[in-house]
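Novice: This is start-v6.cif (mmCIF, C-alpha atoms).
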```
data_final
#
loop_
_atom_site.group_PDB
_atom_site.id
_atom_site.type_symbol
_atom_site.label_atom_id
_atom_site.label_comp_id
_atom_site.auth_asym_id
_atom_site.auth_seq_id
_atom_site.Cartn_x
_atom_site.Cartn_y
_atom_site.Cartn_z
ATOM 1 C CA MET A 1 74.050 88.191 114.800
ATOM 2 C CA ALA A 2 74.357 87.210 118.451
ATOM 3 C CA SER A 3 74.786 89.968 121.008
ATOM 4 C CA ASP A 4 77.428 88.211 123.089
ATOM 5 C CA PRO A 5 80.405 90.410 123.975
ATOM 6 C CA GLN A 6 83.510 90.643 121.843
ATOM 7 C CA PRO A 7 86.685 89.079 123.260
ATOM 8 C CA PRO A 8 88.728 91.371 125.504
ATOM 9 C CA ALA A 9 90.808 94.104 123.891
ATOM 10 C CA ASN A 10 94.480 93.319 123.347
ATOM 11 C CA ALA A 11 93.795 89.626 122.850
ATOM 12 C CA ALA A 12 96.982 88.028 121.555
ATOM 13 C CA LEU A 13 96.635 86.545 118.088
ATOM 14 C CA PRO A 14 97.582 82.868 118.058
ATOM 15 C CA SER A 15 99.934 81.890 115.257
ATOM 16 C CA GLU A 16 97.140 80.034 113.460
ATOM 17 C CA PHE A 17 94.879 83.108 113.516
ATOM 18 C CA PRO A 18 94.150 84.172 109.938
ATOM 19 C CA LEU A 19 96.280 87.147 108.942
ATOM 20 C CA ALA A 20 98.514 86.777 112.005
ATOM 21 C CA ALA A 21 101.416 86.307 109.594
ATOM 22 C CA GLY A 22 101.802 85.420 105.963
ATOM 23 C CA ASP A 23 100.840 86.444 102.499
ATOM 24 C CA GLY A 24 97.647 86.014 100.511
ATOM 25 C CA ALA A 25 94.230 87.105 99.301
ATOM 26 C CA VAL A 26 92.149 89.173 101.709
ATOM 27 C CA ALA A 27 88.749 90.720 102.117
ATOM 28 C CA ILE A 28 88.994 94.404 103.060
ATOM 29 C CA ALA A 29 86.195 96.548 104.448
ATOM 30 C CA LEU A 30 86.023 100.127 105.655
ATOM 31 C CA ALA A 31 83.191 101.405 107.829
ATOM 32 C CA ARG A 32 82.332 104.614 109.630
ATOM 33 C CA HIS A 33 81.661 103.916 113.318
ATOM 34 C CA LEU A 34 79.594 106.789 114.684
ATOM 35 C CA ASP A 35 78.913 107.695 118.316
ATOM 36 C CA ALA A 36 81.204 105.073 119.830
ATOM 37 C CA PRO A 37 80.925 105.804 123.569
ATOM 38 C CA VAL A 38 84.612 105.500 124.507
ATOM 39 C CA ALA A 39 86.511 106.229 121.284
ATOM 40 C CA GLY A 40 84.118 108.643 119.587
ATOM 41 C CA SER A 41 83.378 108.468 115.883
ATOM 42 C CA HIS A 42 86.086 106.886 113.726
ATOM 43 C CA ILE A 43 86.804 104.693 110.701
ATOM 44 C CA ASP A 44 87.193 100.928 111.116
ATOM 45 C CA LEU A 45 89.458 98.997 108.758
ATOM 46 C CA PHE A 46 88.716 95.257 108.669
ATOM 47 C CA LEU A 47 91.003 92.654 107.088
ATOM 48 C CA GLY A 48 90.254 88.956 106.824
ATOM 49 C CA PRO A 49 90.629 85.848 104.724
ATOM 50 C CA ALA A 50 88.802 86.292 101.428
ATOM 51 C CA ASP A 51 86.444 83.343 102.016
ATOM 52 C CA ALA A 52 85.849 83.855 105.757
ATOM 53 C CA PRO A 53 82.366 85.431 105.662
ATOM 54 C CA ILE A 54 81.092 82.569 103.523
ATOM 55 C CA ARG A 55 82.371 79.854 105.861
ATOM 56 C CA ASP A 56 81.280 81.379 109.181
ATOM 57 C CA PRO A 57 80.053 85.000 109.460
ATOM 58 C CA ASP A 58 80.216 84.860 113.285
ATOM 59 C CA ALA A 59 83.839 83.682 113.463
ATOM 60 C CA ARG A 60 85.986 86.376 115.073
ATOM 61 C CA ILE A 61 88.668 86.362 112.424
ATOM 62 C CA ALA A 62 88.650 89.885 111.009
ATOM 63 C CA ARG A 63 91.610 91.963 112.112
ATOM 64 C CA ALA A 64 90.316 95.406 112.983
ATOM 65 C CA PHE A 65 92.021 98.788 113.188
ATOM 66 C CA ARG A 66 90.510 102.074 114.398
ATOM 67 C CA LEU A 67 91.572 105.063 112.290
ATOM 68 C CA PRO A 68 90.515 108.699 112.606
ATOM 69 C CA LEU A 69 87.550 109.984 110.595
ATOM 70 C CA CYS A 70 89.962 111.945 108.401
ATOM 71 C CA ALA A 71 91.246 108.612 106.980
ATOM 72 C CA TRP A 72 88.193 108.577 104.693
ATOM 73 C CA ASP A 73 87.494 111.196 102.060
ATOM 74 C CA ALA A 74 84.110 111.711 100.409
ATOM 75 C CA ASP A 75 84.183 108.373 98.581
ATOM 76 C CA ALA A 76 87.654 106.844 99.010
ATOM 77 C CA PRO A 77 90.430 106.417 101.575
ATOM 78 C CA ALA A 78 92.282 109.667 102.325
ATOM 79 C CA ALA A 79 95.918 109.500 101.317
ATOM 80 C CA GLY A 80 98.308 110.236 104.153
ATOM 81 C CA ILE A 81 99.679 108.875 107.398
ATOM 82 C CA HIS A 82 97.118 108.049 110.070
ATOM 83 C CA ASP A 83 97.556 106.846 113.633
ATOM 84 C CA ALA A 84 95.544 103.699 114.324
ATOM 85 C CA MET A 85 94.729 101.317 117.141
ATOM 86 C CA GLU A 86 94.460 97.577 116.671
ATOM 87 C CA LEU A 87 91.208 96.263 118.105
ATOM 88 C CA GLU A 88 90.175 92.803 119.180
ATOM 89 C CA PRO A 89 89.281 90.402 116.374
ATOM 90 C CA HIS A 90 85.837 91.145 114.929
ATOM 91 C CA ARG A 91 83.250 88.894 113.338
ATOM 92 C CA ALA A 92 83.778 87.948 109.691
ATOM 93 C CA GLU A 93 80.400 89.500 108.858
ATOM 94 C CA TYR A 94 81.982 92.979 109.118
ATOM 95 C CA LEU A 95 83.924 92.101 105.967
ATOM 96 C CA VAL A 96 80.672 91.948 103.974
ATOM 97 C CA LEU A 97 78.410 94.357 105.859
ATOM 98 C CA ASP A 98 76.339 96.224 103.283
ATOM 99 C CA VAL A 99 73.760 98.190 105.299
ATOM 100 C CA PRO A 100 74.130 100.532 108.292
ATOM 101 C CA ARG A 101 73.185 99.117 111.672
ATOM 102 C CA GLU A 102 72.932 100.068 115.306
ATOM 103 C CA LEU A 103 75.294 98.120 117.521
ATOM 104 C CA SER A 104 74.024 96.464 120.677
ATOM 105 C CA ARG A 105 74.503 97.875 124.180
ATOM 106 C CA GLY A 106 74.727 101.498 123.000
ATOM 107 C CA ARG A 107 78.028 101.018 121.149
ATOM 108 C CA GLY A 108 77.037 103.375 118.339
ATOM 109 C CA ARG A 109 76.184 102.915 114.699
ATOM 110 C CA ILE A 110 78.277 101.382 111.949
ATOM 111 C CA GLU A 111 77.960 102.480 108.315
ATOM 112 C CA PRO A 112 79.742 100.462 105.632
ATOM 113 C CA LEU A 113 81.808 102.615 103.272
ATOM 114 C CA ALA A 114 83.484 100.171 100.889
ATOM 115 C CA ARG A 115 84.505 96.560 100.424
ATOM 116 C CA PHE A 116 87.379 95.233 98.375
ATOM 117 C CA ARG A 117 89.310 92.103 97.519
ATOM 118 C CA GLY A 118 93.048 92.476 97.652
ATOM 119 C CA HIS A 119 96.371 91.037 98.707
ATOM 120 C CA ALA A 120 98.108 91.326 102.077
ATOM 121 C CA THR A 121 101.551 90.635 103.409
ATOM 122 C CA VAL A 122 101.435 90.398 107.190
ATOM 123 C CA GLY A 123 104.265 90.265 109.711
ATOM 124 C CA ARG A 124 104.350 90.655 113.473
ATOM 125 C CA ASP A 125 104.965 94.401 113.327
ATOM 126 C CA GLY A 126 103.808 95.315 109.857
ATOM 127 C CA ILE A 127 101.049 94.890 107.308
ATOM 128 C CA GLU A 128 100.918 95.825 103.657
ATOM 129 C CA VAL A 129 97.583 95.579 101.870
ATOM 130 C CA ARG A 130 97.040 96.294 98.185
ATOM 131 C CA TRP A 131 93.765 96.530 96.349
ATOM 132 C CA ALA A 132 92.495 98.156 93.174
ATOM 133 C CA GLY A 133 94.238 101.497 93.094
ATOM 134 C CA TRP A 134 95.311 101.669 96.767
ATOM 135 C CA ARG A 135 97.975 100.543 99.189
ATOM 136 C CA ALA A 136 97.901 100.585 102.997
ATOM 137 C CA ARG A 137 101.130 100.071 104.908
ATOM 138 C CA GLY A 138 100.725 99.601 108.628
ATOM 139 C CA ARG A 139 103.580 99.634 111.108
ATOM 140 C CA ARG A 140 103.266 98.752 114.799
ATOM 141 C CA VAL A 141 104.489 101.624 116.983
ATOM 142 C CA GLY A 142 103.261 100.326 120.366
ATOM 143 C CA VAL A 143 101.430 97.406 121.949
ATOM 144 C CA GLU A 144 98.178 98.178 120.156
ATOM 145 C CA ASP A 145 99.222 101.387 118.385
ATOM 146 C CA TRP A 146 99.892 101.418 114.665
ATOM 147 C CA ARG A 147 100.632 104.005 112.007
ATOM 148 C CA PHE A 148 99.069 103.476 108.576
ATOM 149 C CA GLU A 149 100.131 105.129 105.355
ATOM 150 C CA LEU A 150 97.313 105.132 102.806
ATOM 151 C CA ALA A 151 98.360 105.912 99.255
ATOM 152 C CA PRO A 152 96.854 105.615 95.791
ATOM 153 C CA GLU A 153 98.744 103.481 93.317
ATOM 154 C CA PRO A 154 98.858 103.745 89.545
ATOM 155 C CA ALA A 155 96.029 101.849 87.874
ATOM 156 C CA ASP A 156 96.875 98.194 87.417
ATOM 157 C CA GLU A 157 94.744 96.408 84.870
ATOM 158 C CA THR A 158 95.404 93.080 86.607
ATOM 159 C CA ALA A 159 94.294 94.281 90.056
ATOM 160 C CA PRO A 160 91.179 92.720 91.585
ATOM 161 C CA ALA A 161 88.006 94.731 91.090
ATOM 162 C CA LYS A 162 86.628 96.610 94.063
ATOM 163 C CA VAL A 163 83.117 96.114 95.362
ATOM 164 C CA ARG A 164 81.554 99.418 96.399
ATOM 165 C CA THR A 165 78.777 99.463 98.978
#
```
Turn this file's structure into structure tokens for me.
Specialist:
Amino acid sequence: MASDPQPPANAALPSEFPLAAGDGAVAIALARHLDAPVAGSHIDLFLGPADAPIRDPDARIARAFRLPLCAWDADAPAAGIHDAMELEPHRAEYLVLDVPRELSRGRGRIEPLARFRGHATVGRDGIEVRWAGWRARGRRVGVEDWRFELAPEPADETAPAKVRT
């Protein structure tokens, strides 16, 4: 992976940006970001088109949200309402990251927690993502501030299978 800088924070998502608006299959990844110099340790939630990492792992098309560490339990998302911050688009490779790695320029360490396939409905000020046994509803509450409700759902035998890392 190249070490060039990410685009600036608060970059506006063009209408053609994947997951800017619409409805469809998504790749979902959760990772623990430790020792981040500005934000401290937190959980990153990445959402992107299901086939994005295969087409171009360096494409900055994964929507990213920073959640508090308490948004992850021992081995699953922690049910509840969590404040979040939308980050700049991240590389598609974060959607399939399967080993911990040190980030360049002293930005900390990222540890993948889980990967899933699911379904998302995305609007300008809201996101709903469903995957095997879980639902995340995000609502914009500021320019880059969001509030996510994570909740388990009853088992659905037709839901896509999750891929644990």
Novice: Spell out the residues picked by the PyMOL selection byres ((chain A and resi 71) around 10) here, as a ChimeraX atom specification.
Specialist: /A:42-45,66-70,72-73,76-84,148-150
Novice: To one decimal place in Å, what is the distance between CA of Trp131 in chain A and CA of Asp145 in chain A?
Specialist: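 Separation of CA of Trp131 in chain A and CA of Asp145 in chain A: 23.2 Å.
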Novice: How far is it from CA of Glu128 in chain A to CA of Pro100 in chain A, in Å with one decimal?
Specialist: 27.6 Å
Novice: Kindly extract all protein, DNA and RNA residues lying within 9 Å of the coordinates (93.7, 96.2, 99.4) given in the file, considering only C-alpha atoms, and supply them as a ChimeraX atom specification.
Specialist: /A:26-28,47,116-120,128-136,160,162
Novice: Could you please determine the separation between CA of Arg139 in chain A and CA of Asp98 in chain A in Å, to one decimal place?
Specialist: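 That distance, rounded to one decimal, is 28.5 Å.
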Novice: Would you mind telling me which residue in A:Ala62, A:Ala50, A:Ile110, A:Leu103 lies nearest to Gly24 in chain A when using only C-alpha atoms?
Specialist: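 That would be A:Ala50, the residue with the smallest distance to Gly24 in chain A.
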